[in-house]
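Peer 1: Below you will find the structure I want to go over with you.
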Amino acid sequence: MSSCDGNCSSCASDCADHKPESLLAAPNPKSNVKKVIAVVSGKGGVGKSTVTAMLAVAMARKGKRVGILDADITGPSVPKAFGVTECQGADKDGLYPALTRGGIQVMSINLLLDDPGDPVVWRGPVIAGAVKQFWTDVIWEDVDYLFVDMPPGTGDVPLTVFQSLPVDGIVIVTSPQDLVSMIVSKAVKMANMMHIPVLGFVENYSYLLCPDCGKKISVFGKSHLEETAAEFGLPILARLPIDPGLAEAYDSGCMETVSTDALMDAVAAVEQAE
């Protein structure tokens, strides 16, 4: 068993239980991470990075030490949300992440590029390898909650994260469109296949609050998330409105100033993750 590489075609014996003992990657020896929470979405454009940033800010406000691993290598945006542009440096022990004004540790490919506007034109295995190195080579110092901002979909990077990192739970971000319900199902089923607990759903862009009358306007149509949540027996942790002020805070690097009250149930779910 200890010598099994998982390639059954090369196995000399006909044994159905020859599987790798573990694909978990060892963290940097100087890292100390208590919980890993992945924030995922079935498709792009649903505000997953915004939710990741808000969850991190909410936990930091509760006095927790927080980190964000930006696993969206080809579309990294977390550094911009917090106004950070460079890491703390590196030495023989590893790479030290950037620190936000509020002390949140951040690691992203954009912190390592000469020009943040340069594209990362890499094939999937190389991208997945870089994400893995953000776990094995980066020194995460006394982190209570490490949030992993995942790229959309169910490809190389989500598979690498679920196999290589000790993920304690995932939060799935969605939006009200009917199409998204089908895509969300794929994300839930992948998590179940990988035996990763799904903590629940956060629906973004749920409504627009009219500034004149206070009415909730369903810009993207009626939500169908209740049916999906009922199908899988999972809770809806939050419904976030379309908020121009939130978008402005993200673009100006001031995410640590935004209200996170709408994510109270999501924060509680993260705290209860085991």
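Just remember, in the structure tokens the first chain shown is A, the second B, etc., residues are 1-based per chain, and ligands are 1-based in the order shown.
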Return as a list in words the full set of residues in stretch 95-149 of chain A whose backbone-based DSSP assignment is helix (DSSP H, G or I).
Peer 2: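 The helix (DSSP H, G or I) residues within stretch 95-149 of chain A come out as Ile109, Asn110, Leu111, Gly124, Pro125, Val126, Ile127, Ala128, Gly129, Ala130, Val131, Lys132, Gln133, Phe134, Trp135 and Thr136 of chain A.
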Peer 1: Show me, as number ranges by chain, the residues that have an atom within 9 Å of stretch 209-225 of chain A when counting only C-alpha atoms, minus same-chain residues fewer than 5 positions from it.
Peer 2: A: 174-178, 180-181, 201, 203, 230, 236, 241-243
Peer 1: So, counting only C-alpha atoms, which residue among A:Ser252, A:Asn110, A:Asn204, A:Thr136 is closest to A:Ser31?
Peer 2: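 Closest residue, counting only C-alpha atoms: A:Thr136.
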Peer 1: What are the closest atom pairs, with distances in Å to one decimal, for each residue of stretch 180-253 of chain A lying within 7 Å of stretch 42-46 of chain A, using only C-alpha atoms, rows by chain and rising residue number, as a Markdown table?
Peer 2:
| residue | atom | partner | partner_atom | distance |
| --- | --- | --- | --- | --- |
| A:Ile183 | CA | A:Gly42 | CA | 5.0 |
| A:Val184 | CA | A:Gly42 | CA | 5.2 |
| A:Lys186 | CA | A:Gly42 | CA | 6.8 |
| A:Ala187 | CA | A:Gly42 | CA | 5.5 |
| A:Asn204 | CA | A:Val46 | CA | 6.5 |
Peer 1: Give one line per residue of stretch 154-238 of chain A that approaches stretch 254-270 of chain A to at most 9 Å, naming the two atoms of the closest pair and their distance in Å to one decimal, counting only C-alpha atoms; sort by chain then ascending residue number and deliver it as a Markdown table.
Peer 2:
| residue | atom | partner | partner_atom | distance |
| --- | --- | --- | --- | --- |
| A:Asp168 | CA | A:Val270 | CA | 8.9 |
| A:Gly169 | CA | A:Val270 | CA | 7.6 |
| A:Ile170 | CA | A:Val270 | CA | 8.6 |
| A:Val171 | CA | A:Ala266 | CA | 8.1 |
| A:Leu199 | CA | A:Ala269 | CA | 6.1 |
| A:Gly200 | CA | A:Ala266 | CA | 7.7 |
| A:Phe201 | CA | A:Ala266 | CA | 8.3 |
| A:Val202 | CA | A:Ala266 | CA | 7.6 |
| A:Ile236 | CA | A:Ala266 | CA | 8.6 |
| A:Leu237 | CA | A:Ala266 | CA | 5.0 |
| A:Ala238 | CA | A:Leu263 | CA | 5.8 |
